[in-house]
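Here's the structure we're looking at; comments come further down.
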Amino acid sequence: MPERPVVLELLGREVQVTNPGKVFFPAAGYTKLDIVNYFLAVAEGALVGVRNRPMVLKRFVNGAGEAPFFQKRAPANLPPGIETAHVTFPSGRSADLCVIDDVADLAWVINLGCLDLNPWHVRANDVDHPDEWRIDLDPTPEATFHDVRTLAMHCKDVLEELGYTGYPKTSGSRGIHINIRIEPKWTFTEVRRCALAFGREVERRVPSLATTAWWKEERHGVFIDYNQNARDRTVASAYSVRPTPNAQVSCPLEWDEVPRVELADFTIETVPKRYAEIGDPGANIDARAHSLEPLLQLIEKHEAEGLGDAPYPPHYPKAEGEPMRVQPSKARAKRAGTDGAQGSRYRRPGKGETP
């Protein structure tokens, strides 16, 4: 027999939770209804990161143990109360994306199997001018989470020198995110370029720890992923649940927590208790929107030193001023007249040749 849905009354709307007992985290035993109840407990905090933003739906329809699929276009036959925003992708194509504004919207999207929430860094009323700059600290395989925490504190120092207030949170996976609210006056291209300039300044100060190298073969330490600020790029927003065995959460932090925090401290079991006790450390992010002028000045300084743009992700159209988008080892091999292959010099005999 099909399991009866649980019906929630939220803001005068009925939201169904279908298959509420379906296990989404086998190792911990958490069900779909457990995930919904978690989000209801931290709803106001989660809405700070997604409210009035176009959202890509990352749907784990078979639970966290299987790969999700990404649904960029809003589903057909949306229920009453769910609005959309029309966005244009780097390819030039466009679509209507879901916009999550309140707790009923939030419960609806979680019922679709969305564990982590992936909003664009724009608002629905102006989809071409980001109002959030995102610093994504992503450790390379040889780096530790201690390295990530250390680099986050260096980022704090540089942000404060430039006049910015950053709001850190664990990614819930392997890294740390820092979000900064900005005035919606600049394009995706300009915001991304400012993110690159910031990353390079941090890299200049701690070159053994930080890198902005796009190509993985050139990276070390912790990668500052400037391209997360390009059009159509998303990261898991605050209070998102990540597909780890213990259902870790992307949890907002106070800065004095960062040096000692551990990713496993924050799960769907521990975070509601923390939220009830201390509230949301990221709640004030909308209190002030910053200008990008300090970073635009930093770009001018870098360009005078010969530092131009850096590569975009591979599926983006070639940008003006972008360097050649080719893996460095392949470029060197091409210049040397080889295919870059290493190892045996054995050559398969040609037609008519004796092996």
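We label chains A, B, ... in the order they appear in the structure tokens, count residues from 1 in each chain, and number ligands from 1 in the order shown.
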
Inset, instruction - Write out as a list in words all residues of region 230-321 of chain A that DSSP puts in alpha helix (DSSP H) for this structure's backbone. - result: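 Put together, the selection reads Val271, Pro272, Lys273, Arg274, Tyr275, Ala276, Glu277, Ile278, Glu293, Pro294, Leu295, Leu296, Gln297, Leu298, Ile299, Glu300, Lys301, His302, Glu303 and Ala304 of chain A.
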
Write a file of the selected residues as a PDB file, in the first residue's frame, keeping N, CA, C and O atoms.
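Written out: out-v6.pdb:
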ATOM      1  N   VAL A 271      21.832  21.013  14.588  1.00  0.00           N
ATOM      2  CA  VAL A 271      21.647  22.413  14.199  1.00  0.00           C
ATOM      3  C   VAL A 271      20.339  23.015  14.709  1.00  0.00           C
ATOM      4  O   VAL A 271      20.325  24.175  15.136  1.00  0.00           O
ATOM      5  N   PRO A 272      19.191  22.299  14.697  1.00  0.00           N
ATOM      6  CA  PRO A 272      17.990  22.921  15.281  1.00  0.00           C
ATOM      7  C   PRO A 272      18.164  23.318  16.746  1.00  0.00           C
ATOM      8  O   PRO A 272      17.659  24.363  17.176  1.00  0.00           O
ATOM      9  N   LYS A 273      18.881  22.517  17.528  1.00  0.00           N
ATOM     10  CA  LYS A 273      19.137  22.873  18.921  1.00  0.00           C
ATOM     11  C   LYS A 273      19.992  24.131  19.000  1.00  0.00           C
ATOM     12  O   LYS A 273      19.720  25.033  19.806  1.00  0.00           O
ATOM     13  N   ARG A 274      21.030  24.174  18.185  1.00  0.00           N
ATOM     14  CA  ARG A 274      21.895  25.355  18.144  1.00  0.00           C
ATOM     15  C   ARG A 274      21.096  26.592  17.724  1.00  0.00           C
ATOM     16  O   ARG A 274      21.232  27.664  18.323  1.00  0.00           O
ATOM     17  N   TYR A 275      20.253  26.436  16.712  1.00  0.00           N
ATOM     18  CA  TYR A 275      19.455  27.554  16.198  1.00  0.00           C
ATOM     19  C   TYR A 275      18.509  28.089  17.277  1.00  0.00           C
ATOM     20  O   TYR A 275      18.351  29.298  17.430  1.00  0.00           O
ATOM     21  N   ALA A 276      17.893  27.172  18.033  1.00  0.00           N
ATOM     22  CA  ALA A 276      16.975  27.585  19.088  1.00  0.00           C
ATOM     23  C   ALA A 276      17.703  28.326  20.211  1.00  0.00           C
ATOM     24  O   ALA A 276      17.137  29.222  20.845  1.00  0.00           O
ATOM     25  N   GLU A 277      18.974  27.963  20.427  1.00  0.00           N
ATOM     26  CA  GLU A 277      19.730  28.558  21.527  1.00  0.00           C
ATOM     27  C   GLU A 277      20.377  29.889  21.159  1.00  0.00           C
ATOM     28  O   GLU A 277      20.347  30.834  21.959  1.00  0.00           O
ATOM     29  N   ILE A 278      20.982  29.986  19.961  1.00  0.00           N
ATOM     30  CA  ILE A 278      21.751  31.194  19.638  1.00  0.00           C
ATOM     31  C   ILE A 278      21.193  31.977  18.460  1.00  0.00           C
ATOM     32  O   ILE A 278      21.673  33.074  18.159  1.00  0.00           O
ATOM     33  N   GLU A 293      33.679  49.203  -5.235  1.00  0.00           N
ATOM     34  CA  GLU A 293      34.740  50.137  -5.636  1.00  0.00           C
ATOM     35  C   GLU A 293      36.121  49.738  -5.110  1.00  0.00           C
ATOM     36  O   GLU A 293      37.112  49.821  -5.852  1.00  0.00           O
ATOM     37  N   PRO A 294      36.267  49.320  -3.838  1.00  0.00           N
ATOM     38  CA  PRO A 294      37.611  48.914  -3.384  1.00  0.00           C
ATOM     39  C   PRO A 294      38.190  47.779  -4.222  1.00  0.00           C
ATOM     40  O   PRO A 294      39.403  47.746  -4.480  1.00  0.00           O
ATOM     41  N   LEU A 295      37.364  46.856  -4.653  1.00  0.00           N
ATOM     42  CA  LEU A 295      37.851  45.747  -5.464  1.00  0.00           C
ATOM     43  C   LEU A 295      38.108  46.170  -6.900  1.00  0.00           C
ATOM     44  O   LEU A 295      39.033  45.660  -7.552  1.00  0.00           O
ATOM     45  N   LEU A 296      37.321  47.086  -7.415  1.00  0.00           N
ATOM     46  CA  LEU A 296      37.569  47.613  -8.764  1.00  0.00           C
ATOM     47  C   LEU A 296      38.918  48.334  -8.811  1.00  0.00           C
ATOM     48  O   LEU A 296      39.655  48.237  -9.800  1.00  0.00           O
ATOM     49  N   GLN A 297      39.259  49.016  -7.732  1.00  0.00           N
ATOM     50  CA  GLN A 297      40.574  49.655  -7.643  1.00  0.00           C
ATOM     51  C   GLN A 297      41.681  48.611  -7.577  1.00  0.00           C
ATOM     52  O   GLN A 297      42.753  48.789  -8.155  1.00  0.00           O
ATOM     53  N   LEU A 298      41.401  47.516  -6.893  1.00  0.00           N
ATOM     54  CA  LEU A 298      42.381  46.431  -6.807  1.00  0.00           C
ATOM     55  C   LEU A 298      42.605  45.804  -8.185  1.00  0.00           C
ATOM     56  O   LEU A 298      43.735  45.443  -8.536  1.00  0.00           O
ATOM     57  N   ILE A 299      41.543  45.698  -8.978  1.00  0.00           N
ATOM     58  CA  ILE A 299      41.680  45.187 -10.347  1.00  0.00           C
ATOM     59  C   ILE A 299      42.613  46.074 -11.152  1.00  0.00           C
ATOM     60  O   ILE A 299      43.493  45.596 -11.888  1.00  0.00           O
ATOM     61  N   GLU A 300      42.449  47.388 -11.047  1.00  0.00           N
ATOM     62  CA  GLU A 300      43.316  48.325 -11.771  1.00  0.00           C
ATOM     63  C   GLU A 300      44.769  48.136 -11.371  1.00  0.00           C
ATOM     64  O   GLU A 300      45.666  48.157 -12.221  1.00  0.00           O
ATOM     65  N   LYS A 301      44.993  47.940 -10.086  1.00  0.00           N
ATOM     66  CA  LYS A 301      46.360  47.716  -9.602  1.00  0.00           C
ATOM     67  C   LYS A 301      46.934  46.432 -10.191  1.00  0.00           C
ATOM     68  O   LYS A 301      48.078  46.402 -10.669  1.00  0.00           O
ATOM     69  N   HIS A 302      46.138  45.366 -10.187  1.00  0.00           N
ATOM     70  CA  HIS A 302      46.600  44.093 -10.733  1.00  0.00           C
ATOM     71  C   HIS A 302      46.885  44.190 -12.228  1.00  0.00           C
ATOM     72  O   HIS A 302      47.876  43.625 -12.720  1.00  0.00           O
ATOM     73  N   GLU A 303      46.015  44.876 -12.955  1.00  0.00           N
ATOM     74  CA  GLU A 303      46.216  45.004 -14.401  1.00  0.00           C
ATOM     75  C   GLU A 303      47.479  45.791 -14.704  1.00  0.00           C
ATOM     76  O   GLU A 303      48.190  45.489 -15.670  1.00  0.00           O
ATOM     77  N   ALA A 304      47.791  46.795 -13.868  1.00  0.00           N
ATOM     78  CA  ALA A 304      49.029  47.551 -14.049  1.00  0.00           C
ATOM     79  C   ALA A 304      50.251  46.671 -13.816  1.00  0.00           C
ATOM     80  O   ALA A 304      51.330  46.921 -14.363  1.00  0.00           O
TER      81      ALA A 304
END

Legend entry - Near-Phe25 (chain A) list (9 Å; only C-alpha atoms; drop same-chain fewer than 3 positions) as number ranges by chain: A: 28-32, 63-65, 243-247

Legend entry - Who sits within 6 Å of region 128-145 of chain A, only C-alpha atoms, same chain under 4 positions skipped, as number ranges by chain: A: 121-122, 175-184, 186-187, 221-225

Legend entry - Counting only C-alpha atoms, the residue of A:Lys72, A:Gly163, A:Leu151, A:Lys22 that sits nearest Arg288 (chain A):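 With only C-alpha atoms as the atom set, the closest residue is A:Gly163.
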
Inset, instruction - In Å, rounded to a single decimal, give me how far CA of Arg192 (chain A) is from CA of Glu160 (chain A). - result: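 That distance, rounded to one decimal, is 19.5 Å.
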
Legend entry - Spatial neighbours of Thr170 (chain A), max dist 9 Å, only C-alpha atoms, sep filter under 6 positions, as a list in words: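 Result of the neighbour search: Ile176, His177, Ile178, Ala238, Val249, Ser250, Cys251, Pro252, Leu253, Val258, Val261, Glu262, Leu263 and Phe266 of chain A.
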
Would you put the residues from that selection into a file with C-alpha atoms, as a PDB file, in the first residue's frame?
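The resulting file, out-v3.pdb, is reproduced below:
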ATOM      1  CA  ILE A 176      33.873  27.151   4.026  1.00  0.00           C
ATOM      2  CA  HIS A 177      31.803  29.816   2.284  1.00  0.00           C
ATOM      3  CA  ILE A 178      31.882  33.533   3.073  1.00  0.00           C
ATOM      4  CA  ALA A 238      22.790  28.481   4.526  1.00  0.00           C
ATOM      5  CA  VAL A 249      24.484  21.002   7.322  1.00  0.00           C
ATOM      6  CA  SER A 250      25.918  24.167   5.788  1.00  0.00           C
ATOM      7  CA  CYS A 251      25.840  26.123   9.028  1.00  0.00           C
ATOM      8  CA  PRO A 252      26.364  29.888   9.530  1.00  0.00           C
ATOM      9  CA  LEU A 253      29.091  30.749  12.028  1.00  0.00           C
ATOM     10  CA  VAL A 258      35.797  29.553  12.719  1.00  0.00           C
ATOM     11  CA  VAL A 261      34.887  24.486  14.069  1.00  0.00           C
ATOM     12  CA  GLU A 262      34.485  20.932  12.719  1.00  0.00           C
ATOM     13  CA  LEU A 263      32.202  20.018   9.836  1.00  0.00           C
ATOM     14  CA  PHE A 266      26.560  20.419  12.326  1.00  0.00           C
TER      15      PHE A 266
END

Legend entry - Within 9 Å of Gly49 (chain A) using only C-alpha atoms, minus same-chain residues under 6 positions, as number ranges by chain: A: 117, 119, 237-239, 282

Inset, instruction - Step one, run DSSP on the backbone; step two, keep only residues of region 134-314 of chain A assigned to strand (DSSP E or B); then write them as a list in words. - result: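 Output for region 134-314 of chain A, strand (DSSP E or B) only: Arg134, Ile135, Asp136, Leu137, Asp138, Pro139, Tyr167, Pro168, Lys169, Thr170, Ile176, His177, Ile178, Asn179, Ile180, Arg181, Ile182, Ala210, Thr211, Val222, Phe223, Ile224, Val241, Gln248, Val249, Pro252, Thr267 and His290 of chain A.
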
Output N, CA, C and O atoms of each residue in that selection to a file, as a short mmCIF file (atom, residue, chain, number, x, y, z; two decimals), in the first residue's frame.
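part-v2.cif written:
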data_model
loop_
_atom_site.label_atom_id
_atom_site.label_comp_id
_atom_site.auth_asym_id
_atom_site.auth_seq_id
_atom_site.Cartn_x
_atom_site.Cartn_y
_atom_site.Cartn_z
N ARG A 134 30.26 35.78 -3.33
CA ARG A 134 30.48 34.53 -2.63
C ARG A 134 31.95 34.12 -2.70
O ARG A 134 32.52 34.01 -3.78
N ILE A 135 32.55 33.92 -1.55
CA ILE A 135 33.90 33.40 -1.45
C ILE A 135 33.80 31.92 -1.09
O ILE A 135 33.30 31.57 -0.02
N ASP A 136 34.23 31.08 -2.00
CA ASP A 136 34.14 29.63 -1.83
C ASP A 136 35.54 29.08 -1.63
O ASP A 136 36.37 29.11 -2.54
N LEU A 137 35.83 28.59 -0.43
CA LEU A 137 37.13 28.04 -0.09
C LEU A 137 37.06 26.52 -0.21
O LEU A 137 36.42 25.85 0.60
N ASP A 138 37.70 25.99 -1.24
CA ASP A 138 37.58 24.58 -1.61
C ASP A 138 38.94 23.90 -1.48
O ASP A 138 39.85 24.19 -2.27
N PRO A 139 39.12 23.01 -0.52
CA PRO A 139 40.44 22.40 -0.32
C PRO A 139 40.80 21.43 -1.44
O PRO A 139 39.95 20.67 -1.92
N TYR A 167 30.14 37.06 6.07
CA TYR A 167 29.38 36.13 6.90
C TYR A 167 29.79 34.71 6.55
O TYR A 167 29.43 34.19 5.49
N PRO A 168 30.55 34.05 7.44
CA PRO A 168 31.06 32.70 7.13
C PRO A 168 30.05 31.61 7.46
O PRO A 168 29.18 31.77 8.33
N LYS A 169 30.19 30.50 6.78
CA LYS A 169 29.42 29.31 7.09
C LYS A 169 30.19 28.09 6.60
O LYS A 169 31.00 28.20 5.67
N THR A 170 29.98 26.97 7.24
CA THR A 170 30.55 25.74 6.69
C THR A 170 29.83 25.43 5.39
O THR A 170 28.65 25.76 5.22
N ILE A 176 34.54 26.04 3.36
CA ILE A 176 33.87 27.15 4.03
C ILE A 176 33.46 28.16 2.97
O ILE A 176 34.20 28.41 2.00
N HIS A 177 32.28 28.73 3.12
CA HIS A 177 31.80 29.82 2.28
C HIS A 177 31.78 31.10 3.11
O HIS A 177 31.49 31.07 4.31
N ILE A 178 32.04 32.22 2.45
CA ILE A 178 31.88 33.53 3.07
C ILE A 178 31.04 34.37 2.12
O ILE A 178 31.41 34.55 0.95
N ASN A 179 29.90 34.86 2.59
CA ASN A 179 29.02 35.67 1.76
C ASN A 179 29.09 37.13 2.17
O ASN A 179 29.16 37.44 3.37
N ILE A 180 29.05 38.00 1.19
CA ILE A 180 29.08 39.45 1.41
C ILE A 180 27.96 40.07 0.61
O ILE A 180 27.84 39.83 -0.61
N ARG A 181 27.12 40.85 1.26
CA ARG A 181 26.04 41.52 0.55
C ARG A 181 26.62 42.74 -0.17
O ARG A 181 27.38 43.53 0.42
N ILE A 182 26.29 42.89 -1.46
CA ILE A 182 26.79 44.01 -2.27
C ILE A 182 25.62 44.75 -2.92
O ILE A 182 24.52 44.21 -3.05
N ALA A 210 47.02 29.49 -0.23
CA ALA A 210 45.90 29.85 -1.10
C ALA A 210 46.30 29.76 -2.57
O ALA A 210 47.45 29.99 -2.93
N THR A 211 45.31 29.45 -3.40
CA THR A 211 45.53 29.45 -4.84
C THR A 211 44.27 29.92 -5.56
O THR A 211 43.15 29.65 -5.10
N VAL A 222 44.38 25.50 -0.68
CA VAL A 222 42.94 25.75 -0.74
C VAL A 222 42.64 26.66 -1.93
O VAL A 222 43.22 27.74 -2.05
N PHE A 223 41.74 26.22 -2.77
CA PHE A 223 41.36 26.96 -3.97
C PHE A 223 40.28 27.98 -3.62
O PHE A 223 39.25 27.64 -3.03
N ILE A 224 40.51 29.25 -4.00
CA ILE A 224 39.50 30.30 -3.86
C ILE A 224 38.76 30.36 -5.19
O ILE A 224 39.27 30.90 -6.18
N VAL A 241 21.15 20.94 3.62
CA VAL A 241 21.59 19.62 4.07
C VAL A 241 22.42 19.00 2.95
O VAL A 241 22.02 19.02 1.79
N GLN A 248 25.18 16.22 7.21
CA GLN A 248 25.78 17.47 7.65
C GLN A 248 25.07 18.66 7.01
O GLN A 248 24.47 18.55 5.95
N VAL A 249 25.21 19.79 7.70
CA VAL A 249 24.48 21.00 7.32
C VAL A 249 25.48 22.12 7.03
O VAL A 249 26.52 22.23 7.68
N PRO A 252 25.78 28.58 9.27
CA PRO A 252 26.36 29.89 9.53
C PRO A 252 27.12 29.91 10.86
O PRO A 252 26.72 29.25 11.83
N THR A 267 24.75 18.85 12.01
CA THR A 267 23.91 17.90 11.31
C THR A 267 22.45 18.31 11.49
O THR A 267 22.15 19.25 12.26
N HIS A 290 27.38 46.48 0.35
CA HIS A 290 28.67 47.13 0.13
C HIS A 290 28.88 47.51 -1.34
O HIS A 290 28.33 46.89 -2.25
#

Inset, instruction - Compare A:Asp157, A:Glu66, A:Asp232, A:Glu305 by their minimum atom-to-atom distance to Ser94 (chain A), counting only C-alpha atoms, and give me the closest one. - result: A:Asp232

Inset, instruction - Mind giving me the straight-line distance from CA of Asp126 (chain A) to CA of Val87 (chain A) in Å, one decimal? - result: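 Between these atoms lies a distance of 9.5 Å.
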
Inset, instruction - May I ask which of the residues A:Asp34, A:Asp96, A:Asp280, A:Asp105 is the closest one to Ala74 (chain A), counting only C-alpha atoms? - result: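 Under the stated criterion, the closest residue is A:Asp96.
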
Legend entry - Residues near Glu218 (chain A), cut-off 10 Å, only C-alpha atoms, skip fewer than 6 positions along chain, as a list of chain:residue names: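 My list of contacting residues is A:Thr211, A:Thr212, A:Gln327, A:Pro328, A:Ser329.
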
Residues as selected, C-alpha atoms, written as an mmCIF file, in the first residue's frame, can you do that?
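Now in part_24.cif:
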data_model
loop_
_atom_site.group_PDB
_atom_site.id
_atom_site.type_symbol
_atom_site.label_atom_id
_atom_site.label_comp_id
_atom_site.auth_asym_id
_atom_site.auth_seq_id
_atom_site.Cartn_x
_atom_site.Cartn_y
_atom_site.Cartn_z
ATOM 1 C CA THR A 211 45.529 29.454 -4.844
ATOM 2 C CA THR A 212 43.364 30.966 -7.574
ATOM 3 C CA GLN A 327 45.067 22.910 -19.748
ATOM 4 C CA PRO A 328 48.670 24.112 -19.155
ATOM 5 C CA SER A 329 50.261 20.677 -19.621
#

Inset, instruction - Mind giving me the straight-line distance from CA of Pro314 (chain A) to CA of Phe89 (chain A) in Å, one decimal? - result: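 We find that CA of Pro314 (chain A) and CA of Phe89 (chain A) lie 14.1 Å from each other.
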
Inset, instruction - Kindly indicate which residue among A:Glu254, A:Met324, A:Arg123, A:Gly92 lies nearest to Ala283 (chain A), using only C-alpha atoms for the distances. - result: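 Between A:Glu254, A:Met324, A:Arg123, A:Gly92, the residue approaching Ala283 (chain A) most closely is A:Glu254.
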
Legend entry - Minimum-distance residue to Asp256 (chain A), chosen among A:Gly45, A:Pro281, A:Gly199, A:Gly81 (using only C-alpha atoms):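 Distance minimum relative to Asp256 (chain A) lands on A:Pro281.
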
Inset, instruction - Could you tell me which of A:Trp255, A:Thr189, A:Arg204, A:Val127 comes closest to Glu320 (chain A) if we count only C-alpha atoms? - result: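 Ranking A:Trp255, A:Thr189, A:Arg204, A:Val127 by distance to Glu320 (chain A), first place goes to A:Thr189.
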
Inset, instruction - Name all residues at most 12 Å from Pro80 (chain A) (count only C-alpha atoms; drop same-chain ones fewer than 6 positions away) and give them as an MDAnalysis selection string. - result: chainID A and resid 12:15 104:105 108
